[in-house]
Amino acid sequence: MLPQLSIGIFVRSEEIAASAIELLRGERYALTHIKSAVELLGFLKHNYHLDCLVLEMDGDLRSLLGKLQERSLFLPAVIFSPHAQHGRPEAPYSDGFEAAASTANKSQDESCAFFYHPGEVQLAIARSSEIAAGIDRAIAQFLKLSTPVPVNYQSVTVDATAQLTAQSLLSRQQRRLAEKLRERLGYLGVYYKRNSHIFLRNLSGPEKQKFLEQLKSSYRDIVLNYFSQDTAVNNQIDEFVNLAFFADVPVTQIVEIHMELMDEFAKQLKIEGRSEEILLDYRLTLIDAIAHMCEMYRRSIPKETSQGRM
């Protein structure tokens with residue numbers, strides 16, 4: 001059985017909610033009807049597998065979406081809005097996914113007003129019957145989203161480390177969704193675009209120092225948990241690699257971080273009168289991190305480019 005797309009519906013209007021549930025009922029979707037903002041926040045905190053949100057714009061939703069942005073919780077979204085345009089919807093990805101996805105970058109660049117992120121789909125309430133096509137378009141645009149919030153929309157108070165963290169979490173969600181679509185539709189993956197303004201080499205001195213401290217702290221957690229039974233270490237490696245990738249951190253910098261930590265651990269072992277030989281095993285940690293980074297770069301190449309090189 002093909003994997004279902006998980007849809008979270010948080011709509012104030014009982015009429016619209018009932019209509020959406022009726023239209024989406026079936027084997028293709030797994031629906032969760034959410035009744036309050038508190039319930040939605042709690043659900044997202046403990047569940048990382050929603051594929052799309054269906055929302056209704058009102059005063060309270062603006063505050064809720066602000067909280068999601070602050071926590072870097074980004075998902076494909078269809079937002080019912082009284083101010084949405086009444087144009088023809090994009091073709092659904094089940095029939096023409098690549099065509100819908102090809103318009104995503106244009107939609108992101110031209111969007112002058114969004115509530116949640118540039119990849120959202122705003123749907124007029126009068127067009128609620130087109131919710132399925134809206135979900136298809138929202139997913140296609142989300143997978144092509146290069147950054148949660150374009151640079152010209154970002155507050156000057158948002159530092160580079162926060163931007164990189166948000167970018168890392170976005171790419172993780174995109175990868176999870178792309179893997180589900182690959183199972184369902186044979187979709188080949190995501191092309192990750194990076195913002196050169198937050199590359200490590202382009203950061204100011206204080207920003208660079210802050211980011212490297214976070215990167216080192218993240219790697220320290222990986223080293224400490226690497227040989228434990230904690231399966232969360234795989235997620236820690238993914239998060240570390242995502243941060244390094246979007247900051248364009250050179251491999252030599254990762255090796256330097258590894259060696260600095262090994263020196264610190266060696267000094268501690270010497271104080272405790274223990275052998276340093278155990279540290280040799282942690283070369284596997286470095287190899288694993290670099291292997292994950294190579295895979296990230298492999299996935300970042302557009303499929304048409306990689307096919308052209310074969």
# chains A, B, ... in the order shown; residues from 1 in each chain; ligands from 1
>>> residues_around(residues="A:Thr32", least_positions_apart="6", cutoff="7 Å", atoms="only C-alpha atoms", output="ChimeraX atom specification")
/A:7-9
>>> write_last_selection(atoms="C-alpha atoms", output="short mmCIF file (atom, residue, chain, number, x, y, z; two decimals), in the first residue's frame")
data_model
loop_
_atom_site.label_atom_id
_atom_site.label_comp_id
_atom_site.auth_asym_id
_atom_site.auth_seq_id
_atom_site.Cartn_x
_atom_site.Cartn_y
_atom_site.Cartn_z
CA ILE A 7 -2.68 16.35 6.55
CA GLY A 8 -3.33 18.50 9.63
CA ILE A 9 -6.55 20.55 9.35
#
>>> residues_around(residues="A:Arg176", least_positions_apart="5", cutoff="9 Å", atoms="only C-alpha atoms", output="list of chain:residue names")
A:His49, A:Ser171, A:Leu181
>>> closest_residue(among="A:Ser13, A:Ser168, A:Gln174, A:Asn202", to="A:Leu145", atoms="only C-alpha atoms")
A:Gln174
>>> residues_around(residues="A:Val121", least_positions_apart="3", cutoff="9 Å", atoms="only C-alpha atoms", output="PDB file with N, CA, C and O atoms, in the first residue's frame")
ATOM      1  N   PRO A  76       4.605  22.375   4.448  1.00  0.00           N
ATOM      2  CA  PRO A  76       3.738  22.831   3.362  1.00  0.00           C
ATOM      3  C   PRO A  76       2.420  23.312   3.965  1.00  0.00           C
ATOM      4  O   PRO A  76       1.940  22.738   4.948  1.00  0.00           O
ATOM      5  N   ALA A  77       1.835  24.347   3.384  1.00  0.00           N
ATOM      6  CA  ALA A  77       0.619  24.906   3.977  1.00  0.00           C
ATOM      7  C   ALA A  77      -0.321  25.446   2.912  1.00  0.00           C
ATOM      8  O   ALA A  77       0.106  26.120   1.969  1.00  0.00           O
ATOM      9  N   VAL A  78      -1.600  25.136   3.082  1.00  0.00           N
ATOM     10  CA  VAL A  78      -2.674  25.758   2.302  1.00  0.00           C
ATOM     11  C   VAL A  78      -3.446  26.629   3.274  1.00  0.00           C
ATOM     12  O   VAL A  78      -3.932  26.144   4.303  1.00  0.00           O
ATOM     13  N   ILE A  79      -3.553  27.912   2.962  1.00  0.00           N
ATOM     14  CA  ILE A  79      -4.199  28.862   3.865  1.00  0.00           C
ATOM     15  C   ILE A  79      -5.422  29.477   3.178  1.00  0.00           C
ATOM     16  O   ILE A  79      -5.291  30.153   2.160  1.00  0.00           O
ATOM     17  N   PHE A  80      -6.585  29.207   3.750  1.00  0.00           N
ATOM     18  CA  PHE A  80      -7.802  29.842   3.245  1.00  0.00           C
ATOM     19  C   PHE A  80      -7.789  31.308   3.661  1.00  0.00           C
ATOM     20  O   PHE A  80      -7.700  31.625   4.849  1.00  0.00           O
ATOM     21  N   PHE A 114       3.182  36.998   2.372  1.00  0.00           N
ATOM     22  CA  PHE A 114       2.871  35.644   2.821  1.00  0.00           C
ATOM     23  C   PHE A 114       2.677  35.681   4.329  1.00  0.00           C
ATOM     24  O   PHE A 114       3.178  36.567   5.024  1.00  0.00           O
ATOM     25  N   PRO A 118       7.243  31.652   2.055  1.00  0.00           N
ATOM     26  CA  PRO A 118       6.982  31.951   0.638  1.00  0.00           C
ATOM     27  C   PRO A 118       6.421  30.784  -0.173  1.00  0.00           C
ATOM     28  O   PRO A 118       5.934  30.998  -1.280  1.00  0.00           O
ATOM     29  N   GLY A 134      -4.706  22.336  -4.192  1.00  0.00           N
ATOM     30  CA  GLY A 134      -3.931  23.272  -3.381  1.00  0.00           C
ATOM     31  C   GLY A 134      -2.857  22.573  -2.574  1.00  0.00           C
ATOM     32  O   GLY A 134      -1.732  23.067  -2.448  1.00  0.00           O
ATOM     33  N   ILE A 135      -3.174  21.412  -2.017  1.00  0.00           N
ATOM     34  CA  ILE A 135      -2.195  20.626  -1.259  1.00  0.00           C
ATOM     35  C   ILE A 135      -1.063  20.179  -2.181  1.00  0.00           C
ATOM     36  O   ILE A 135       0.123  20.252  -1.817  1.00  0.00           O
ATOM     37  N   ARG A 137       0.007  21.615  -4.877  1.00  0.00           N
ATOM     38  CA  ARG A 137       0.843  22.768  -5.203  1.00  0.00           C
ATOM     39  C   ARG A 137       1.684  23.193  -3.998  1.00  0.00           C
ATOM     40  O   ARG A 137       2.859  23.543  -4.137  1.00  0.00           O
ATOM     41  N   ALA A 138       1.087  23.160  -2.802  1.00  0.00           N
ATOM     42  CA  ALA A 138       1.820  23.554  -1.592  1.00  0.00           C
ATOM     43  C   ALA A 138       3.025  22.647  -1.364  1.00  0.00           C
ATOM     44  O   ALA A 138       4.115  23.112  -0.996  1.00  0.00           O
ATOM     45  N   GLN A 141       5.748  23.418  -4.017  1.00  0.00           N
ATOM     46  CA  GLN A 141       6.466  24.666  -3.748  1.00  0.00           C
ATOM     47  C   GLN A 141       7.349  24.545  -2.508  1.00  0.00           C
ATOM     48  O   GLN A 141       8.452  25.116  -2.468  1.00  0.00           O
TER      49      GLN A 141
END
>>> closest_residue(among="A:Val11, A:Leu224, A:Leu55, A:Ala132", to="A:Leu24", atoms="only C-alpha atoms")
A:Ala132
>>> atom_distance(atom1="atom CA of A:Arg201", atom2="atom CA of A:Leu68")
29.4 Å
>>> atom_distance(atom1="atom CA of A:Ser129", atom2="atom CA of A:Gln4")
20.3 Å
>>> closest_residue(among="A:Val54, A:Ala160, A:Val38, A:Leu123", to="A:Asn195", atoms="only C-alpha atoms")
A:Ala160
>>> closest_residue(among="A:His292, A:Arg71, A:Arg274, A:Lys208", to="A:Asn242", atoms="only C-alpha atoms")
A:His292
>>> atom_distance(atom1="atom CA of A:Glu239", atom2="atom CA of A:Gln268")
27.0 Å
>>> residues_around(residues="A:Ser81", least_positions_apart="5", cutoff="9 Å", atoms="only C-alpha atoms", output="list in words")
Leu55, Glu56, Met57, Asp58, Gln122, Leu123, Ala124 and Ile125 of chain A
>>> write_last_selection(atoms="N, CA, C and O atoms", output="PDB file, in the first residue's frame")
ATOM      1  N   LEU A  55      -5.047  25.574   6.832  1.00  0.00           N
ATOM      2  CA  LEU A  55      -5.325  26.600   7.830  1.00  0.00           C
ATOM      3  C   LEU A  55      -6.319  27.621   7.285  1.00  0.00           C
ATOM      4  O   LEU A  55      -6.518  27.723   6.077  1.00  0.00           O
ATOM      5  N   GLU A  56      -6.898  28.395   8.192  1.00  0.00           N
ATOM      6  CA  GLU A  56      -7.790  29.486   7.813  1.00  0.00           C
ATOM      7  C   GLU A  56      -7.270  30.775   8.432  1.00  0.00           C
ATOM      8  O   GLU A  56      -7.036  30.838   9.636  1.00  0.00           O
ATOM      9  N   MET A  57      -7.068  31.788   7.589  1.00  0.00           N
ATOM     10  CA  MET A  57      -6.488  33.030   8.073  1.00  0.00           C
ATOM     11  C   MET A  57      -7.476  33.831   8.924  1.00  0.00           C
ATOM     12  O   MET A  57      -8.616  34.067   8.532  1.00  0.00           O
ATOM     13  N   ASP A  58      -7.019  34.187  10.124  1.00  0.00           N
ATOM     14  CA  ASP A  58      -7.739  35.120  10.989  1.00  0.00           C
ATOM     15  C   ASP A  58      -6.703  35.768  11.896  1.00  0.00           C
ATOM     16  O   ASP A  58      -5.507  35.497  11.790  1.00  0.00           O
ATOM     17  N   GLN A 122      -2.156  30.272  -0.896  1.00  0.00           N
ATOM     18  CA  GLN A 122      -3.327  30.976  -0.377  1.00  0.00           C
ATOM     19  C   GLN A 122      -4.509  30.672  -1.291  1.00  0.00           C
ATOM     20  O   GLN A 122      -4.432  30.867  -2.506  1.00  0.00           O
ATOM     21  N   LEU A 123      -5.574  30.185  -0.705  1.00  0.00           N
ATOM     22  CA  LEU A 123      -6.729  29.738  -1.466  1.00  0.00           C
ATOM     23  C   LEU A 123      -7.962  30.510  -1.015  1.00  0.00           C
ATOM     24  O   LEU A 123      -8.234  30.616   0.181  1.00  0.00           O
ATOM     25  N   ALA A 124      -8.691  31.072  -1.973  1.00  0.00           N
ATOM     26  CA  ALA A 124      -9.924  31.783  -1.649  1.00  0.00           C
ATOM     27  C   ALA A 124     -10.932  30.809  -1.057  1.00  0.00           C
ATOM     28  O   ALA A 124     -11.022  29.652  -1.477  1.00  0.00           O
ATOM     29  N   ILE A 125     -11.690  31.268  -0.069  1.00  0.00           N
ATOM     30  CA  ILE A 125     -12.687  30.410   0.580  1.00  0.00           C
ATOM     31  C   ILE A 125     -13.689  29.891  -0.444  1.00  0.00           C
ATOM     32  O   ILE A 125     -14.145  28.745  -0.360  1.00  0.00           O
TER      33      ILE A 125
END
>>> select_by_dssp(residues="stretch 38-68 of chain A", states="alpha helix (DSSP H)", output="list in words")
Val38, Glu39, Leu40, Leu41, Gly42, Phe43, Leu44, Lys45, His46, Gly59, Asp60, Leu61, Arg62, Ser63, Leu64, Leu65, Gly66, Lys67 and Leu68 of chain A
>>> write_last_selection(atoms="N, CA and C atoms", output="CSV table (one decimal), in the first residue's frame")
chain,number,residue,atom,x,y,z
A,38,VAL,N,-3.4,25.6,20.7
A,38,VAL,CA,-2.6,24.9,21.8
A,38,VAL,C,-2.5,23.4,21.3
A,39,GLU,N,-3.5,22.8,20.8
A,39,GLU,CA,-3.5,21.5,20.3
A,39,GLU,C,-2.5,21.3,19.2
A,40,LEU,N,-2.5,22.3,18.3
A,40,LEU,CA,-1.6,22.3,17.1
A,40,LEU,C,-0.2,22.3,17.5
A,41,LEU,N,0.1,23.3,18.4
A,41,LEU,CA,1.5,23.4,18.9
A,41,LEU,C,2.0,22.2,19.6
A,42,GLY,N,1.1,21.6,20.4
A,42,GLY,CA,1.5,20.4,21.1
A,42,GLY,C,1.6,19.2,20.1
A,43,PHE,N,0.8,19.2,19.1
A,43,PHE,CA,0.9,18.1,18.1
A,43,PHE,C,2.2,18.2,17.3
A,44,LEU,N,2.6,19.4,16.9
A,44,LEU,CA,3.8,19.6,16.1
A,44,LEU,C,5.0,19.3,17.0
A,45,LYS,N,4.9,19.6,18.3
A,45,LYS,CA,6.1,19.4,19.2
A,45,LYS,C,6.4,17.9,19.3
A,46,HIS,N,5.4,17.0,19.2
A,46,HIS,CA,5.6,15.6,19.5
A,46,HIS,C,5.4,14.8,18.2
A,59,GLY,N,-7.1,36.7,12.8
A,59,GLY,CA,-6.2,37.4,13.6
A,59,GLY,C,-5.4,36.5,14.5
A,60,ASP,N,-6.0,35.4,15.0
A,60,ASP,CA,-5.3,34.5,15.9
A,60,ASP,C,-4.2,33.7,15.2
A,61,LEU,N,-4.5,33.4,13.9
A,61,LEU,CA,-3.6,32.6,13.1
A,61,LEU,C,-2.2,33.3,12.9
A,62,ARG,N,-2.3,34.6,12.7
A,62,ARG,CA,-1.0,35.4,12.6
A,62,ARG,C,-0.1,35.1,13.8
A,63,SER,N,-0.7,35.2,15.0
A,63,SER,CA,0.1,34.9,16.2
A,63,SER,C,0.7,33.5,16.2
A,64,LEU,N,-0.2,32.6,15.8
A,64,LEU,CA,0.3,31.2,15.8
A,64,LEU,C,1.4,30.9,14.8
A,65,LEU,N,1.2,31.5,13.6
A,65,LEU,CA,2.3,31.3,12.6
A,65,LEU,C,3.6,32.0,13.0
A,66,GLY,N,3.5,33.1,13.7
A,66,GLY,CA,4.7,33.7,14.3
A,66,GLY,C,5.4,32.8,15.2
A,67,LYS,N,4.7,32.0,16.0
A,67,LYS,CA,5.3,31.1,16.9
A,67,LYS,C,6.0,29.9,16.2
A,68,LEU,N,5.3,29.5,15.1
A,68,LEU,CA,5.9,28.4,14.3
A,68,LEU,C,7.2,28.9,13.7
>>> residues_around(residues="A:Ser19", least_positions_apart="4", cutoff="8 Å", atoms="only C-alpha atoms", output="PyMOL selection string")
chain A and resi 15+23+128-129
>>> closest_residue(among="A:Val223, A:Ala178, A:Phe245, A:His197", to="A:Thr165", atoms="only C-alpha atoms")
A:Phe245
>>> residues_around(residues="A:Leu170", least_positions_apart="5", cutoff="10 Å", atoms="only C-alpha atoms", output="PyMOL selection string")
chain A and resi 72-75+142-143+145-148+164-165+175+242
>>> closest_residue(among="A:Glu277, A:Glu120, A:Asp288, A:Glu256", to="A:Gln236", atoms="only C-alpha atoms")
A:Asp288
